[in-house]
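Here the structure comes first, spelled out in structure tokens, and everything after it is commentary.
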Amino acid sequence: MTNVERSGAGFTSTLDTDETVTSRKVLLATGVSDDLPDTDGFEEFWGSGVYHCPYCHGYEVRDQPLGVLVTNQHMVEYAKMVYNLSKDLIVFTDGQDVFDDESRLTFVERGIEIEDEPIIALNGSDGNLENISLADGHNVARHALFYPPPMEQHSELPEQLGLDVNEAGLVDATRSQRGIGFTSVDGVFIAGDASSGAPPAIVSAVADGYAVGATMNGELSMEDFEVGLQ
Ligand SMILES: Cc1cc2nc3c(=O)[nH]c(=O)nc-3n(C[C@H](O)[C@H](O)[C@H](O)COP(=O)(O)OP(=O)(O)OC[C@H]3O[C@@H](n4cnc5c(N)ncnc54)[C@H](O)[C@@H]3O)c2cc1C
């Protein structure tokens with residue numbers, strides 16, 4: 001879908017084929033895209049050795065030599081979660097000034113190495129991460145690397161519609177007694193990863209899609225009921 005705009009009491013959407021579709025409501029379930037570092041190998045191993053979600057991929061790599069890439073202070077709590085998966089943990093800061101002395105000590109006291117050298121490349125074979133090359137020339141063997149990338153809306157449609165987004169770039173979703181998935185624009189609904197209302201996981205996206213769909217059906221049914229009175 002390339003465009004969506006208000007027309008009359010509803011919306012007109014233009015598809016990739018230039019066909020147009022009119023509707024009374026719009027549901028966007030357009031997801032997010034991950035803003036990955038352009039480090040060599042990062043994209044290659046994304047989802048097979050480099051992971052964003054300890055809940056999705058953590059169990060399979062538990063107790064293995066793990067790394068976590070922490071490039072700002074907000075990510076420090078995330079690194080602590082990865083420690084729960086494996087005590088063989090190295091925190092990579094990629095040359096960023098992340099830790100003050102006190103928080104650095106809390107990691108070092110737990111036997112967690114902090115590697116401050118910038119990362120040059122991720123290396124491996126057959127889709128498996130094997131080691132991480134650093135700027136000083138040495139390689140660090142790691143079975144998996146965790147990193148929560150910044151995300152952005154996958155689609156321009158939320159912006160076209162002028163939907164409010166939060167500071168994480170997710171479309172603000174509100175709930176009411178009538179249901180969930182309402183946006184700042186009347187008649188437009190949001191579900192799944194693109195929404196502030198659903199944690200980024202398949203099961204949440206499915207559940208959110210179901211509940212927002214039911215909400216929209218409720219809205220349409222009530223509108224039809226009102227029309228039936230006239
Ligand atoms: C590497 C990786 C591994 C993951 N592993 C897991 C896992 O193990 N378990 C888990 O629960 N979750 C996992 N996730 C998260 C999971 O993939 C998402 O939470 C889930 O896919 C979100 O579903 P969604 O339908 O909201 O969005 P998406 O799956 O992103 O689907 C949105 C769709 O909308 C399409 N789209 C966007 N704009 C337009 C447009 N203008 N017109 C038409 N179509 C459009 C996109 O192309 C896409 O197909 C993983 C994510 C990544 C990146």
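In the structure tokens, chains take letters A, B, ... by order of appearance, with residues numbered from 1 within each chain and ligands from 1 in the order shown.
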
Worksheet item: Within 10 Å of ligand 1, counting only C-alpha atoms and all ligand atoms: which residues, as a ChimeraX atom specification?
Response: /A:1-4,14-16,28-34,43,45-58,149,151,153-158,190-195,198-206,208-209

Item to complete: Just list the residues in chain A DSSP gives alpha helix (DSSP H) on the backbone, as a ChimeraX atom specification.
Response: /A:42-45,54-57,76-83,101-108,157-160,202-229

Practice prompt. Between CA of Asp101 (chain A) and CA of Ile119 (chain A), measure the distance and give it in Å to one decimal.
Written response: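 One can read the CA of Asp101 (chain A) to CA of Ile119 (chain A) distance as 21.9 Å.
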
Please produce, as CSV, a per-residue contact table for region 129-221 of chain A versus region 21-26 of chain A (criterion: any atom at most 10 Å away, only C-alpha atoms considered), showing the nearest atom pair and its distance in Å to one decimal, sorted by chain then residue number.
residue,atom,partner,partner_atom,distance
A:Asp186,CA,A:Lys25,CA,8.6
A:Gly187,CA,A:Lys25,CA,4.9
A:Val188,CA,A:Val26,CA,4.8
A:Phe189,CA,A:Val26,CA,6.0
A:Ile190,CA,A:Val26,CA,8.4
A:Met216,CA,A:Lys25,CA,7.7
A:Asn217,CA,A:Lys25,CA,9.7
A:Glu219,CA,A:Lys25,CA,9.3
A:Leu220,CA,A:Arg24,CA,8.2

Now that the selection is made, can you save its residues with N, CA and C atoms as a PDB file, in the first residue's frame?
ATOM      1  N   ASP A 186      -9.181   9.620  14.358  1.00  0.00           N
ATOM      2  CA  ASP A 186     -10.444   8.886  14.436  1.00  0.00           C
ATOM      3  C   ASP A 186     -10.599   7.936  13.235  1.00  0.00           C
ATOM      4  N   GLY A 187     -10.917   6.695  13.516  1.00  0.00           N
ATOM      5  CA  GLY A 187     -11.142   5.733  12.430  1.00  0.00           C
ATOM      6  C   GLY A 187      -9.910   4.950  12.016  1.00  0.00           C
ATOM      7  N   VAL A 188      -8.745   5.351  12.536  1.00  0.00           N
ATOM      8  CA  VAL A 188      -7.495   4.635  12.208  1.00  0.00           C
ATOM      9  C   VAL A 188      -7.049   3.852  13.438  1.00  0.00           C
ATOM     10  N   PHE A 189      -6.747   2.585  13.225  1.00  0.00           N
ATOM     11  CA  PHE A 189      -6.345   1.685  14.308  1.00  0.00           C
ATOM     12  C   PHE A 189      -4.948   1.146  14.033  1.00  0.00           C
ATOM     13  N   ILE A 190      -4.287   0.729  15.108  1.00  0.00           N
ATOM     14  CA  ILE A 190      -2.917   0.234  14.985  1.00  0.00           C
ATOM     15  C   ILE A 190      -2.783  -1.066  15.781  1.00  0.00           C
ATOM     16  N   MET A 216     -12.611  -2.949  16.172  1.00  0.00           N
ATOM     17  CA  MET A 216     -13.089  -2.288  14.949  1.00  0.00           C
ATOM     18  C   MET A 216     -14.446  -2.844  14.538  1.00  0.00           C
ATOM     19  N   ASN A 217     -14.588  -4.151  14.658  1.00  0.00           N
ATOM     20  CA  ASN A 217     -15.876  -4.753  14.316  1.00  0.00           C
ATOM     21  C   ASN A 217     -16.972  -4.196  15.219  1.00  0.00           C
ATOM     22  N   GLU A 219     -16.974  -1.212  16.610  1.00  0.00           N
ATOM     23  CA  GLU A 219     -17.248   0.162  16.180  1.00  0.00           C
ATOM     24  C   GLU A 219     -18.168   0.178  14.957  1.00  0.00           C
ATOM     25  N   LEU A 220     -17.845  -0.662  13.987  1.00  0.00           N
ATOM     26  CA  LEU A 220     -18.649  -0.712  12.756  1.00  0.00           C
ATOM     27  C   LEU A 220     -20.076  -1.172  13.071  1.00  0.00           C
TER      28      LEU A 220
END

Item to complete: Identify which of the residues A:Ile120, A:Val108, A:Val82, A:Leu170 lies closest to Leu134 (chain A), counting only C-alpha atoms when measuring atom-to-atom distances.
Response: A:Ile120

Practice prompt. In Å, rounded to a single decimal, give me how far CA of Ser196 (chain A) is from CA of Glu159 (chain A).
Written response: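 For CA of Glu159 (chain A) relative to CA of Ser196 (chain A), the distance reads 15.0 Å.
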
Practice prompt. Would you please give, as a list in words, all residues of region 18-77 of chain A that DSSP assigns to strand (DSSP E) based on the backbone?
Written response: Thr20, Val21, Thr22, Ser23, Val26, Leu27, Leu28, Val32, Ser33, Asp34, Val50, Tyr51, Leu66, Gly67, Val68 and Leu69 of chain A

Discussion item. Would you pick out the contacts of Val140 (chain A) at 7 Å or less, using only C-alpha atoms, so that residues sharing its chain but fewer than 4 positions from it are not included, and give the list as a list in words?
Written reply: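 Once the adjacent positions are removed, what remains is Asn131, Ile132 and Ser133 of chain A.
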